Amino acid sequence: MKKYIVGGWVRDKLLQERGFAVRPSDRDWVVIGATPEEMICQGYTPVGKDFPVFLHPKTHEEYALARTERKSGNGYKGFVFYTAPNVTLEQDLYRRDLTVNAIAMDENGHVTDPYGGCRDLEAKVLRNVSDAFKEDPVRVLRAARFAAKLPDFTIADETKRLLRSIVESGETDYLVAERVGRELMKALHEAKPSRFFEVLKDCGYLSSSFPKWRLTSKTMDLTDAADDSYTESERFALLFLDTDPSALGEIFKLLRVSSENEDLALQFSRTLHGAELRSGSAEEVLESLKRKDALRRPKRFASLMKLLESASAIKDQAFWLGAAEALMSVDMKAAAEVAEDRKEIPQAIRAASLKAIEAYLKEFADQH
């Protein structure tokens with residue numbers, strides 16, 4: 001039985017040695033010459049459904065038995081896997097997507113690189129291991145994400161051709177929405193997210209699957225500029241800067257991200273495309289705050305203001321955050337008690353709210 005670290009951790013370690021500032025990946029192991037029974041006898045816990053994967057009894061790192069695969073249907077699930085003690089390390093690495101991800105390292109630090117991954121790291125090239133690359137549509141997304149992770153790398157011409165052939169064959173139609181959304185969200189945290197969409201555009205995937213999604217140069221510039229102060233939802237919302245709100249429902253169905261992410265993106269798009277904020281009178285400010293549900297959803301409102309300022313749609317998010325704070329300071333219970341009749345309670349609360357906002361507007365004007 002031999003154990004090797006494979007994939008991202010090895011790639012990133014070699015990149016770090018070459019001076020690249022990359023985020024470290026978790027360690028994944030492949031085991032050569034073992035059976036599931038032997039793994040269990042050594043204390044490993046089986047967790048794999050499609051093929052044998054085990055958790056180390058102490059580190060809880062994943063150890064997968066070496067395997068080969070054969071295409072048997074459509075989509076990324078359309079594969080038959082074969083695992084046995086006679087599967088070699090080279091055979092296991094052959095099924096991987098890119099050469100830079102097909103490098104292994106044993107427990108003593110010795111590197112096995114049968115497909116030129118180290119050479120491509122030096123040349124800054126993302127290249128498919130074999131023509132089997134085109135059998136899995138997820139590799140379109142992964143190649144695009146690695147382009148975002150390593151913006152100094154180019155994609156080999158033969159790999160670009162394979163990416164286009166995957167889209168043209170219709171294989172990407174079988175991508176599961178959750179997987180598309182997951183790869184996209186990962187890409188938003190990479191060094192240059194715009195490259196993810198650039199690769200998907202070049203291979204035809206965006207136009208075939210997302211024809212109504214307008215990813216303009218301004219959208220991409222803002223997405224790339226989003227630093228660590230931006231939440232995941234804020235990064236996602238920026239992608240819809242120039243997209244018509246009516247198209248978002250269709251796009252969301254093909255991405256399947258969290259409702260929180262969808263909600264902020266929809267609010268951002270709607271505000272930019274008509275439901276503007278009015279900052280004239282106290283009445284206009286109050287109605288704007290109510291439309292954006294600032295009182296009940298203060299965190300979402302703060303994110304929305306941040307995004308609007310980033311997009312130059314408002315001049316000063318501090319103004320609106322201060323107005324929302326003034327509204328939240330109103331003692332609604334006390335305002336309601338002023339009303340002589342229950343029917344007058346809404347008017348009494350509105351009057352108190354307007355009074356608070358008027359005071360805020362005067363204070364803000366005096367300070368500016």
# chains A, B, ... in the order shown; residues from 1 in each chain; ligands from 1
call {"tool": "residues_around", "arguments": {"residues": "Gln267 in chain A", "least_positions_apart": "2", "cutoff": "9 Å", "atoms": "only C-alpha atoms", "output": "VMD selection string"}}
result
chain A and resid 237 245 262 to 265 269 to 272 292 304
call {"tool": "write_last_selection", "arguments": {"atoms": "C-alpha atoms", "output": "tab-separated table (two decimals), in the first residue's frame"}}
result
chain	number	residue	atom	x	y	z
A	237	ALA	CA	-24.76	40.97	-6.60
A	245	PRO	CA	-34.03	42.51	-13.33
A	262	GLU	CA	-30.33	35.98	-4.87
A	263	ASP	CA	-32.23	38.48	-2.72
A	264	LEU	CA	-29.45	41.07	-2.54
A	265	ALA	CA	-28.68	40.70	-6.26
A	269	SER	CA	-30.55	45.22	-9.95
A	270	ARG	CA	-34.03	46.62	-9.31
A	271	THR	CA	-32.65	49.75	-7.64
A	272	LEU	CA	-30.33	50.40	-10.55
A	292	LYS	CA	-35.83	48.96	0.61
A	304	LEU	CA	-27.20	47.53	-0.89
call {"tool": "residues_around", "arguments": {"residues": "His110 in chain A", "least_positions_apart": "5", "cutoff": "12 Å", "atoms": "only C-alpha atoms", "output": "list in words"}}
result
Lys3, Tyr4, Ile5, Val6, Val10, Ile103, Ala104 and Met105 of chain A
call {"tool": "atom_distance", "arguments": {"atom1": "CA of Lys333 in chain A", "atom2": "CA of Ile349 in chain A"}}
result
8.5 Å
call {"tool": "residues_around", "arguments": {"residues": "Phe236 in chain A", "least_positions_apart": "5", "cutoff": "8 Å", "atoms": "only C-alpha atoms", "output": "number ranges by chain"}}
result
A: 185, 188, 261, 265
call {"tool": "write_last_selection", "arguments": {"atoms": "C-alpha atoms", "output": "PDB file, in the first residue's frame"}}
result
ATOM      1  CA  MET A 185     -19.026  31.366  -6.036  1.00  0.00           C
ATOM      2  CA  LEU A 188     -15.604  35.135  -7.089  1.00  0.00           C
ATOM      3  CA  ASN A 261     -27.404  35.843  -2.459  1.00  0.00           C
ATOM      4  CA  ALA A 265     -28.678  40.697  -6.256  1.00  0.00           C
TER       5      ALA A 265
END
call {"tool": "residues_around", "arguments": {"residues": "Leu255 in chain A", "least_positions_apart": "2", "cutoff": "12 Å", "atoms": "only C-alpha atoms", "output": "list in words"}}
result
Leu175, Val176, Ala177, Glu178, Arg179, Val180, Gly181, Arg182, Glu183, Leu184, Met185, Ser209, Phe210, Phe236, Leu248, Gly249, Glu250, Ile251, Phe252, Lys253, Val257, Ser258, Ser259, Asn261 and Glu262 of chain A
call {"tool": "write_last_selection", "arguments": {"atoms": "N, CA and C atoms", "output": "mmCIF file, in the first residue's frame"}}
result
data_model
loop_
_atom_site.group_PDB
_atom_site.id
_atom_site.type_symbol
_atom_site.label_atom_id
_atom_site.label_comp_id
_atom_site.auth_asym_id
_atom_site.auth_seq_id
_atom_site.Cartn_x
_atom_site.Cartn_y
_atom_site.Cartn_z
ATOM 1 N N LEU A 175 -25.231 20.012 -16.944
ATOM 2 C CA LEU A 175 -24.639 20.486 -15.693
ATOM 3 C C LEU A 175 -25.727 20.746 -14.657
ATOM 4 N N VAL A 176 -25.489 20.309 -13.450
ATOM 5 C CA VAL A 176 -26.436 20.527 -12.357
ATOM 6 C C VAL A 176 -26.280 21.954 -11.862
ATOM 7 N N ALA A 177 -27.408 22.633 -11.649
ATOM 8 C CA ALA A 177 -27.381 24.048 -11.280
ATOM 9 C C ALA A 177 -26.558 24.313 -10.024
ATOM 10 N N GLU A 178 -26.675 23.424 -9.045
ATOM 11 C CA GLU A 178 -25.913 23.620 -7.800
ATOM 12 C C GLU A 178 -24.413 23.616 -8.058
ATOM 13 N N ARG A 179 -23.959 22.769 -8.999
ATOM 14 C CA ARG A 179 -22.530 22.703 -9.276
ATOM 15 C C ARG A 179 -22.067 23.963 -10.006
ATOM 16 N N VAL A 180 -22.887 24.458 -10.910
ATOM 17 C CA VAL A 180 -22.546 25.690 -11.617
ATOM 18 C C VAL A 180 -22.419 26.839 -10.622
ATOM 19 N N GLY A 181 -23.408 26.942 -9.732
ATOM 20 C CA GLY A 181 -23.375 28.005 -8.727
ATOM 21 C C GLY A 181 -22.195 27.881 -7.795
ATOM 22 N N ARG A 182 -21.863 26.651 -7.422
ATOM 23 C CA ARG A 182 -20.738 26.433 -6.490
ATOM 24 C C ARG A 182 -19.418 26.852 -7.127
ATOM 25 N N GLU A 183 -19.208 26.490 -8.391
ATOM 26 C CA GLU A 183 -17.966 26.876 -9.058
ATOM 27 C C GLU A 183 -17.900 28.387 -9.254
ATOM 28 N N LEU A 184 -19.038 28.991 -9.559
ATOM 29 C CA LEU A 184 -19.071 30.444 -9.729
ATOM 30 C C LEU A 184 -18.713 31.152 -8.427
ATOM 31 N N MET A 185 -19.299 30.712 -7.319
ATOM 32 C CA MET A 185 -19.026 31.366 -6.036
ATOM 33 C C MET A 185 -17.554 31.208 -5.646
ATOM 34 N N SER A 209 -26.012 29.258 -22.551
ATOM 35 C CA SER A 209 -26.773 28.971 -21.327
ATOM 36 C C SER A 209 -27.324 30.212 -20.642
ATOM 37 N N PHE A 210 -26.675 31.371 -20.829
ATOM 38 C CA PHE A 210 -27.089 32.594 -20.144
ATOM 39 C C PHE A 210 -27.180 33.767 -21.135
ATOM 40 N N PHE A 236 -21.527 38.540 -5.391
ATOM 41 C CA PHE A 236 -22.465 37.949 -6.340
ATOM 42 C C PHE A 236 -23.368 39.023 -6.942
ATOM 43 N N LEU A 248 -33.291 37.943 -14.130
ATOM 44 C CA LEU A 248 -32.584 37.307 -13.019
ATOM 45 C C LEU A 248 -33.190 35.972 -12.601
ATOM 46 N N GLY A 249 -34.512 35.869 -12.635
ATOM 47 C CA GLY A 249 -35.156 34.615 -12.242
ATOM 48 C C GLY A 249 -34.691 33.445 -13.082
ATOM 49 N N GLU A 250 -34.597 33.655 -14.381
ATOM 50 C CA GLU A 250 -34.143 32.620 -15.313
ATOM 51 C C GLU A 250 -32.683 32.251 -15.051
ATOM 52 N N ILE A 251 -31.865 33.262 -14.771
ATOM 53 C CA ILE A 251 -30.446 33.027 -14.493
ATOM 54 C C ILE A 251 -30.274 32.275 -13.183
ATOM 55 N N PHE A 252 -31.026 32.667 -12.168
ATOM 56 C CA PHE A 252 -30.901 32.027 -10.855
ATOM 57 C C PHE A 252 -31.248 30.538 -10.913
ATOM 58 N N LYS A 253 -32.172 30.167 -11.782
ATOM 59 C CA LYS A 253 -32.543 28.758 -11.900
ATOM 60 C C LYS A 253 -31.378 27.903 -12.377
ATOM 61 N N VAL A 257 -28.005 29.337 -6.233
ATOM 62 C CA VAL A 257 -27.227 29.804 -5.094
ATOM 63 C C VAL A 257 -28.187 30.070 -3.940
ATOM 64 N N SER A 258 -27.686 30.541 -2.807
ATOM 65 C CA SER A 258 -28.529 30.740 -1.632
ATOM 66 C C SER A 258 -29.557 31.847 -1.871
ATOM 67 N N SER A 259 -30.665 31.776 -1.149
ATOM 68 C CA SER A 259 -31.712 32.790 -1.277
ATOM 69 C C SER A 259 -31.197 34.159 -0.839
ATOM 70 N N ASN A 261 -28.143 35.314 -1.324
ATOM 71 C CA ASN A 261 -27.404 35.843 -2.459
ATOM 72 C C ASN A 261 -28.350 36.358 -3.546
ATOM 73 N N GLU A 262 -29.365 35.585 -3.841
ATOM 74 C CA GLU A 262 -30.331 35.979 -4.866
ATOM 75 C C GLU A 262 -31.057 37.253 -4.467
#
call {"tool": "closest_residue", "arguments": {"among": "A:Ala64, A:Val47, A:Arg11, A:Leu254", "to": "Asp113 in chain A", "atoms": "only C-alpha atoms"}}
result
A:Arg11
call {"tool": "select_by_dssp", "arguments": {"residues": "range 77-319 of chain A", "states": "alpha helix (DSSP H)", "output": "MDAnalysis selection string"}}
result
chainID A and resid 89:94 117:123 138:149 157:168 177:187 194:202 205:209 217:225 232:238 248:253 259:272 282:291 298:310 317:319
call {"tool": "write_last_selection", "arguments": {"atoms": "C-alpha atoms", "output": "tab-separated table (two decimals), in the first residue's frame"}}
result
chain	number	residue	atom	x	y	z
A	89	LEU	CA	-0.76	6.03	-9.78
A	90	GLU	CA	-0.24	7.03	-13.42
A	91	GLN	CA	-3.65	5.61	-14.36
A	92	ASP	CA	-5.32	7.50	-11.52
A	93	LEU	CA	-3.64	10.79	-12.49
A	94	TYR	CA	-4.57	10.29	-16.15
A	117	GLY	CA	2.41	19.38	-14.82
A	118	CYS	CA	5.65	20.88	-13.44
A	119	ARG	CA	6.65	21.95	-16.95
A	120	ASP	CA	3.30	23.70	-17.39
A	121	LEU	CA	3.62	25.39	-14.00
A	122	GLU	CA	6.94	26.84	-15.14
A	123	ALA	CA	5.46	27.89	-18.49
A	138	VAL	CA	-17.70	20.28	-15.17
A	139	ARG	CA	-14.21	20.74	-16.59
A	140	VAL	CA	-15.44	23.77	-18.49
A	141	LEU	CA	-16.21	25.41	-15.16
A	142	ARG	CA	-13.02	24.18	-13.50
A	143	ALA	CA	-10.77	25.39	-16.31
A	144	ALA	CA	-12.45	28.78	-16.10
A	145	ARG	CA	-12.02	28.88	-12.31
A	146	PHE	CA	-8.34	27.99	-12.50
A	147	ALA	CA	-7.91	30.78	-15.04
A	148	ALA	CA	-9.37	33.11	-12.40
A	149	LYS	CA	-7.15	31.63	-9.69
A	157	ASP	CA	-4.87	26.17	-27.60
A	158	GLU	CA	-5.77	22.48	-27.64
A	159	THR	CA	-7.57	22.91	-24.32
A	160	LYS	CA	-9.53	25.88	-25.67
A	161	ARG	CA	-10.64	23.72	-28.59
A	162	LEU	CA	-11.81	21.01	-26.20
A	163	LEU	CA	-13.73	23.54	-24.11
A	164	ARG	CA	-15.59	24.71	-27.22
A	165	SER	CA	-16.27	21.12	-28.29
A	166	ILE	CA	-17.81	20.31	-24.90
A	167	VAL	CA	-20.25	23.22	-25.25
A	168	GLU	CA	-21.03	22.46	-28.90
A	177	ALA	CA	-27.38	24.05	-11.28
A	178	GLU	CA	-25.91	23.62	-7.80
A	179	ARG	CA	-22.53	22.70	-9.28
A	180	VAL	CA	-22.55	25.69	-11.62
A	181	GLY	CA	-23.38	28.01	-8.73
A	182	ARG	CA	-20.74	26.43	-6.49
A	183	GLU	CA	-17.97	26.88	-9.06
A	184	LEU	CA	-19.07	30.44	-9.73
A	185	MET	CA	-19.03	31.37	-6.04
A	186	LYS	CA	-15.53	29.89	-5.71
A	187	ALA	CA	-14.40	31.91	-8.71
A	194	SER	CA	-13.43	38.23	-14.55
A	195	ARG	CA	-11.25	35.54	-16.16
A	196	PHE	CA	-13.79	32.91	-15.12
A	197	PHE	CA	-16.41	34.64	-17.25
A	198	GLU	CA	-13.92	35.45	-20.01
A	199	VAL	CA	-13.17	31.74	-20.50
A	200	LEU	CA	-16.87	30.81	-20.38
A	201	LYS	CA	-17.60	33.50	-22.96
A	202	ASP	CA	-14.81	32.40	-25.29
A	205	TYR	CA	-21.00	28.57	-22.67
A	206	LEU	CA	-22.30	31.98	-21.56
A	207	SER	CA	-24.14	32.73	-24.79
A	208	SER	CA	-25.68	29.26	-24.97
A	209	SER	CA	-26.77	28.97	-21.33
A	217	SER	CA	-16.59	45.56	-18.82
A	218	LYS	CA	-17.83	47.79	-15.98
A	219	THR	CA	-19.41	44.77	-14.28
A	220	MET	CA	-16.17	42.82	-14.58
A	221	ASP	CA	-14.06	45.74	-13.36
A	222	LEU	CA	-16.19	46.13	-10.22
A	223	THR	CA	-16.16	42.37	-9.62
A	224	ASP	CA	-12.36	42.25	-9.85
A	225	ALA	CA	-12.05	45.28	-7.56
A	232	GLU	CA	-20.12	36.64	-0.74
A	233	SER	CA	-23.59	38.07	-1.36
A	234	GLU	CA	-22.13	41.47	-2.27
A	235	ARG	CA	-19.68	39.94	-4.73
A	236	PHE	CA	-22.47	37.95	-6.34
A	237	ALA	CA	-24.76	40.97	-6.60
A	238	LEU	CA	-22.15	42.98	-8.50
A	248	LEU	CA	-32.58	37.31	-13.02
A	249	GLY	CA	-35.16	34.62	-12.24
A	250	GLU	CA	-34.14	32.62	-15.31
A	251	ILE	CA	-30.45	33.03	-14.49
A	252	PHE	CA	-30.90	32.03	-10.86
A	253	LYS	CA	-32.54	28.76	-11.90
A	259	SER	CA	-31.71	32.79	-1.28
A	260	GLU	CA	-29.68	35.44	0.56
A	261	ASN	CA	-27.40	35.84	-2.46
A	262	GLU	CA	-30.33	35.98	-4.87
A	263	ASP	CA	-32.23	38.48	-2.72
A	264	LEU	CA	-29.45	41.07	-2.54
A	265	ALA	CA	-28.68	40.70	-6.26
A	266	LEU	CA	-32.33	41.27	-7.13
A	267	GLN	CA	-32.57	44.34	-4.87
A	268	PHE	CA	-29.40	45.77	-6.39
A	269	SER	CA	-30.55	45.22	-9.95
A	270	ARG	CA	-34.03	46.62	-9.31
A	271	THR	CA	-32.65	49.75	-7.64
A	272	LEU	CA	-30.33	50.40	-10.55
A	282	ALA	CA	-38.25	63.72	4.57
A	283	GLU	CA	-41.26	62.08	2.89
A	284	GLU	CA	-39.15	60.93	-0.06
A	285	VAL	CA	-36.40	59.59	2.18
A	286	LEU	CA	-38.93	57.72	4.32
A	287	GLU	CA	-40.59	56.13	1.28
A	288	SER	CA	-37.19	55.11	-0.09
A	289	LEU	CA	-36.27	53.46	3.20
A	290	LYS	CA	-39.60	51.65	3.31
A	291	ARG	CA	-39.22	50.41	-0.29
A	298	PRO	CA	-30.71	46.59	8.12
A	299	LYS	CA	-27.82	44.32	7.08
A	300	ARG	CA	-29.19	43.87	3.58
A	301	PHE	CA	-29.82	47.61	3.36
A	302	ALA	CA	-26.22	48.37	4.38
A	303	SER	CA	-24.94	45.94	1.72
A	304	LEU	CA	-27.20	47.53	-0.89
A	305	MET	CA	-25.90	51.02	-0.09
A	306	LYS	CA	-22.33	49.80	-0.33
A	307	LEU	CA	-23.00	48.26	-3.73
A	308	LEU	CA	-24.79	51.34	-5.03
A	309	GLU	CA	-21.90	53.54	-4.01
A	310	SER	CA	-19.45	51.14	-5.69
A	317	GLN	CA	-23.82	55.62	1.42
A	318	ALA	CA	-23.21	57.26	4.82
A	319	PHE	CA	-26.21	59.55	4.19
call {"tool": "closest_residue", "arguments": {"among": "A:Ala352, A:Asp97, A:Ser312, A:Ala294", "to": "Asp131 in chain A", "atoms": "only C-alpha atoms"}}
result
A:Asp97
call {"tool": "residues_around", "arguments": {"residues": "Ile357 in chain A", "least_positions_apart": "2", "cutoff": "12 Å", "atoms": "only C-alpha atoms", "output": "JSON, numbers by chain"}}
result
{"A": [279, 280, 281, 282, 283, 284, 285, 286, 287, 288, 289, 319, 320, 321, 322, 323, 324, 325, 326, 327, 328, 329, 330, 350, 351, 352, 353, 354, 355, 359, 360, 361, 362, 363, 364]}
call {"tool": "closest_residue", "arguments": {"among": "A:Ala191, A:Leu98, A:Pro46, A:Phe51", "to": "Ala156 in chain A", "atoms": "only C-alpha atoms"}}
result
A:Leu98
call {"tool": "closest_residue", "arguments": {"among": "A:Phe153, A:Tyr115, A:Phe133, A:Trp29", "to": "Trp9 in chain A", "atoms": "only C-alpha atoms"}}
result
A:Trp29
